[in-house]
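Q: Supplied in structure tokens, the structure appears directly below.
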Amino acid sequence: MKRTELLQEIRRMRFEELYGGWQKGRLSQEEAAQILGVCDRTFRRQICRYEESGLEGLNARRLTQASHRRAPVDEVIALGERYRKSYRGWNVKHFYSWYSRDGGKRSYTWVKNTLQRQGLVSKSKKKGAHRLRRERSPLPGMMLHQDGSSHEWVLGKKWDLIVTMDDATNQHYSMFFVYEEGTASSFQGVQDVIMKRGLFSSIYTDRGSHYWFTPEEGGKVNKTQLTQFGRAMQQLGVGMIPAYSPEARGRSERMFRTHQDRLTKELAANNITTMDAANRYLKKVYQPAFNKEFRQEALEKGSAFVPWIGTHIEDILCEHHERTVTSDNCVSFEGKTLQIPPDKYRCHYVRVKVNVHRYIDGSLAIFHGPRRLADYDENGLLKNKKKEKAA
């Protein structure tokens, strides 16, 4: 199944479940729209299309069509030239008053955004917002939190604890120790959740470099230049939400303070000193006990999780790197030379662009389009396929 078809099927399944919840009165239109990641108006339009044409009415039909209200390119260029020649240095409000007097028909917002996109005026700093306490999500799977805590969990050893938890119930779906938080640990946490529960709607994270690309330190994230993690979430249709302050991650911070107090004592009491033993203790003892004590009931009955209907989730939740095959049918990747073995489909792959996948465990694979050419261990050595099949 192609990615676009898979995402469309997931959206339709989500809508059908939420439509049933709305009809039975378990969800309001606002809550259902939030789970889908659309506004209330869009959700109401989807209801009308669904009731008229069934699931086929939900298919996207205008993804490639430009809006008929979009300004012509000539008008956009002319506005910039006019400002540049006669009004440079004027603020937008002042310029707009003269623009309107001269017969301009566009809105103030359009004029402002057009000048800002051309770099003629700068964006003003956002005024301080009045912060309000954010209520928990009404359904499990509507929003997850993922974060890591670096701490001396065992005497003399500093590890990172990676936790993926539900905003609605505080339930911890994944907990494990790693030596250093990064892309692989983030993928592992998400994979644990999808394999146990299914696809979720959104994930809330800090602005770590493995989650987001931030052009300016302390500034806003770039939502178009994606990291490996961002690319995987986009491929799965999962929304990403960045946190811009410690207060925004208050629930994660309070949860980690509890773990730092309790978990260190329990590991010491059980004479656990290695990471493998600590991870086994987390999975079998600590995580179930913590969820039993701290899990809360969701505000609404039901679930926003959608069963995973695709295959090979590990090929999505991994790093993708494009490379060009050299004249000896090899691919260079981070100091390793990956030899492509001969196959029956092509005489050679010289100058062909391929994708190198690096998996959570460090192993590698080369793909040409959807076809897997070869598998390698973390050192770049070709795996013996015959032995793997026999095993």
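Residues are referred to by chain and number: the chain letter is A, B, ... according to the order shown in the structure tokens, the number counts from 1 in that chain, and ligands are numbered separately from 1 in the order shown.
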Need to verify the contact set: Tyr108 in chain A, 12 Å, only C-alpha atoms, exclusion of same-chain residues closer than 4 positions in sequence. Can you return it as a short mmCIF file (atom, residue, chain, number, x, y, z; two decimals) with N, CA and C atoms, in the first residue's frame?
A:
data_model
loop_
_atom_site.label_atom_id
_atom_site.label_comp_id
_atom_site.auth_asym_id
_atom_site.auth_seq_id
_atom_site.Cartn_x
_atom_site.Cartn_y
_atom_site.Cartn_z
N ASN A 91 6.18 51.71 8.24
CA ASN A 91 5.59 50.51 8.83
C ASN A 91 4.38 50.08 8.00
N VAL A 92 3.96 48.86 8.17
CA VAL A 92 2.93 48.28 7.30
C VAL A 92 1.61 49.04 7.41
N LYS A 93 1.24 49.43 8.63
CA LYS A 93 -0.04 50.11 8.81
C LYS A 93 -0.06 51.44 8.06
N HIS A 94 1.06 52.17 8.13
CA HIS A 94 1.16 53.45 7.44
C HIS A 94 1.11 53.25 5.92
N PHE A 95 1.88 52.26 5.44
CA PHE A 95 1.88 51.98 4.01
C PHE A 95 0.50 51.54 3.53
N TYR A 96 -0.19 50.72 4.34
CA TYR A 96 -1.49 50.20 3.92
C TYR A 96 -2.53 51.32 3.76
N SER A 97 -2.44 52.34 4.60
CA SER A 97 -3.40 53.43 4.48
C SER A 97 -3.26 54.12 3.12
N TRP A 98 -2.01 54.29 2.65
CA TRP A 98 -1.79 54.89 1.33
C TRP A 98 -2.15 53.91 0.22
N TYR A 99 -1.88 52.66 0.43
CA TYR A 99 -2.25 51.62 -0.54
C TYR A 99 -3.76 51.60 -0.76
N SER A 100 -4.53 51.72 0.31
CA SER A 100 -5.99 51.71 0.20
C SER A 100 -6.50 52.96 -0.50
N GLY A 104 -6.07 50.17 -3.72
CA GLY A 104 -5.73 48.79 -3.40
C GLY A 104 -6.90 48.04 -2.79
N LYS A 112 0.63 42.83 4.57
CA LYS A 112 1.68 42.61 5.57
C LYS A 112 2.45 41.32 5.28
N ASN A 113 1.73 40.20 5.04
CA ASN A 113 2.40 38.92 4.80
C ASN A 113 3.22 38.96 3.51
N THR A 114 2.73 39.64 2.50
CA THR A 114 3.45 39.74 1.23
C THR A 114 4.77 40.49 1.41
N LEU A 115 4.72 41.61 2.12
CA LEU A 115 5.95 42.38 2.35
C LEU A 115 6.93 41.61 3.24
#
Q: Quick one: residues within 12 Å of range 333-346 of chain A, only C-alpha atoms counted, chain neighbours fewer than 3 positions away excluded, as a ChimeraX atom specification?
A: /A:320-330,349-350,352,354-358,363-368,371-385
Q: As a list in words, please: every residue in range 234-332 of chain A that DSSP puts in strand (DSSP E).
A: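 Strand (DSSP E) assignments inside range 234-332 of chain A correspond to Gly239, Met240, Ile241, Pro242, Glu319, His320, His321, Glu322, Arg323, Thr324, Cys330, Val331 and Ser332 of chain A.
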Q: Contacts between range 283-302 of chain A and range 99-141 of chain A, please, where a residue of range 99-141 of chain A counts if it comes within 9 Å (with only C-alpha atoms); show its shortest atom pair and distance in Å to one decimal, rows by chain and ascending number, as JSON lines.
A:
{"residue": "A:Arg136", "atom": "CA", "partner": "A:Leu299", "partner_atom": "CA", "distance": 8.0}
{"residue": "A:Ser137", "atom": "CA", "partner": "A:Leu299", "partner_atom": "CA", "distance": 7.6}
{"residue": "A:Pro138", "atom": "CA", "partner": "A:Leu299", "partner_atom": "CA", "distance": 4.7}
{"residue": "A:Leu139", "atom": "CA", "partner": "A:Glu300", "partner_atom": "CA", "distance": 5.8}
{"residue": "A:Pro140", "atom": "CA", "partner": "A:Ala298", "partner_atom": "CA", "distance": 6.8}
Q: Can you check which residues of range 149-295 of chain A DSSP gives as alpha helix (DSSP H) on the backbone and send them as number ranges by chain?
A: A: 183-196, 228-236, 250-269, 275-281, 287-294
Q: Which is closest to Gly80 in chain A among A:Gln116, A:Thr224, A:Glu52, A:Gln46, if we use only C-alpha atoms?
A: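 Closest candidate: A:Gln116.
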Q: I'd like the contact shell of Asp160 in chain A - 7 Å cut-off, only C-alpha atoms, skipping same-chain residues fewer than 3 positions apart - returned as a list in words.
A: Gly148, Ser149, Ser150, His151, Phe177, Val178, Tyr179, Glu180 and Glu181 of chain A
Q: How would the residues just chosen look if you wrote them out with C-alpha atoms as a PDB file, in the first residue's frame?
A:
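Final file, result.pdb:
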ATOM      1  CA  GLY A 148      14.325  12.090  28.452  1.00  0.00           C
ATOM      2  CA  SER A 149      16.001  12.664  31.808  1.00  0.00           C
ATOM      3  CA  SER A 150      19.756  12.471  32.341  1.00  0.00           C
ATOM      4  CA  HIS A 151      20.508  11.416  35.922  1.00  0.00           C
ATOM      5  CA  PHE A 177      17.457   3.496  29.785  1.00  0.00           C
ATOM      6  CA  VAL A 178      20.004   4.480  27.114  1.00  0.00           C
ATOM      7  CA  TYR A 179      23.478   5.948  27.343  1.00  0.00           C
ATOM      8  CA  GLU A 180      22.448   9.031  25.383  1.00  0.00           C
ATOM      9  CA  GLU A 181      19.078  10.343  24.230  1.00  0.00           C
TER      10      GLU A 181
END
Q: Quick one: everything within 12 Å of Ala232 in chain A, counting only C-alpha atoms, minus sequence neighbours fewer than 4 positions away in the same chain. Send it as number ranges by chain.
A: A: 3, 183-184, 186-187, 190-191, 210-211, 226-228, 236-240, 313-320
Q: Please measure the separation of CA of Arg41 in chain A and CA of Val306 in chain A, giving the value in Å to one decimal.
A: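 The value is 23.1 Å.
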Q: May I ask which of the residues A:Val154, A:Leu282, A:Ala268, A:Val76 is the closest one to Tyr173 in chain A, counting only C-alpha atoms?
A: A:Leu282
Q: Please report the interatomic distance between CA of Val121 in chain A and CA of Tyr244 in chain A in Å with one decimal.
A: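 So the answer is 25.3 Å.
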Q: When you count only C-alpha atoms, which of these residues is closest to Met142 in chain A: A:Gly218, A:Pro242, A:Gly198, A:Pro370?
A: A:Gly198
Q: Show me, as a ChimeraX atom specification, the residues that have an atom within 12 Å of Tyr19 in chain A when counting only C-alpha atoms, minus same-chain residues fewer than 2 positions from it.
A: /A:11-17,21-33,35-36,43-44,46-48,50-51,54-55,304
Q: If you keep C-alpha atoms, can you produce a file of those selected residues as a PDB file, in the first residue's frame?
A:
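The resulting file, again-v3.pdb, is shown below:
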ATOM      1  CA  ARG A  11      -7.736   9.393   8.231  1.00  0.00           C
ATOM      2  CA  ARG A  12     -10.950   7.730   7.097  1.00  0.00           C
ATOM      3  CA  MET A  13     -10.771   5.152   9.900  1.00  0.00           C
ATOM      4  CA  ARG A  14     -10.180   7.911  12.448  1.00  0.00           C
ATOM      5  CA  PHE A  15     -13.067   9.959  11.106  1.00  0.00           C
ATOM      6  CA  GLU A  16     -15.472   7.009  11.072  1.00  0.00           C
ATOM      7  CA  GLU A  17     -14.672   6.195  14.714  1.00  0.00           C
ATOM      8  CA  GLY A  21     -18.466   8.906  19.065  1.00  0.00           C
ATOM      9  CA  TRP A  22     -19.972  12.282  18.148  1.00  0.00           C
ATOM     10  CA  GLN A  23     -23.324  10.764  17.188  1.00  0.00           C
ATOM     11  CA  LYS A  24     -23.503   8.899  20.507  1.00  0.00           C
ATOM     12  CA  GLY A  25     -22.706  12.080  22.423  1.00  0.00           C
ATOM     13  CA  ARG A  26     -19.354  10.905  23.790  1.00  0.00           C
ATOM     14  CA  LEU A  27     -17.445  13.646  21.920  1.00  0.00           C
ATOM     15  CA  SER A  28     -18.202  17.204  20.951  1.00  0.00           C
ATOM     16  CA  GLN A  29     -17.405  18.405  17.429  1.00  0.00           C
ATOM     17  CA  GLU A  30     -14.566  20.508  18.863  1.00  0.00           C
ATOM     18  CA  GLU A  31     -12.929  17.480  20.536  1.00  0.00           C
ATOM     19  CA  ALA A  32     -13.363  15.280  17.456  1.00  0.00           C
ATOM     20  CA  ALA A  33     -11.867  17.995  15.237  1.00  0.00           C
ATOM     21  CA  ILE A  35      -8.148  14.650  17.391  1.00  0.00           C
ATOM     22  CA  LEU A  36      -8.266  14.786  13.589  1.00  0.00           C
ATOM     23  CA  PHE A  43     -15.003  18.572  10.635  1.00  0.00           C
ATOM     24  CA  ARG A  44     -18.578  19.741   9.926  1.00  0.00           C
ATOM     25  CA  GLN A  46     -16.489  16.227   6.441  1.00  0.00           C
ATOM     26  CA  ILE A  47     -19.675  15.169   8.230  1.00  0.00           C
ATOM     27  CA  CYS A  48     -21.760  16.524   5.328  1.00  0.00           C
ATOM     28  CA  TYR A  50     -19.640  11.526   4.711  1.00  0.00           C
ATOM     29  CA  GLU A  51     -23.429  11.560   5.054  1.00  0.00           C
ATOM     30  CA  GLY A  54     -19.945   7.705   2.561  1.00  0.00           C
ATOM     31  CA  LEU A  55     -16.202   7.143   3.032  1.00  0.00           C
ATOM     32  CA  ALA A 304      -8.056   7.948  19.759  1.00  0.00           C
TER      33      ALA A 304
END
Q: Ranking A:Asp276, A:Pro246, A:Thr164, A:Ser185 by minimum distance to Ile360 in chain A and counting only C-alpha atoms, which one comes first?
A: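 Closest candidate: A:Ser185.
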Q: Have a look at A:Ser252, A:Leu79, A:Gln8, A:Arg69 and name the one nearest to Glu56 in chain A; count only C-alpha atoms.
A: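 Under the stated criterion, the closest residue is A:Gln8.
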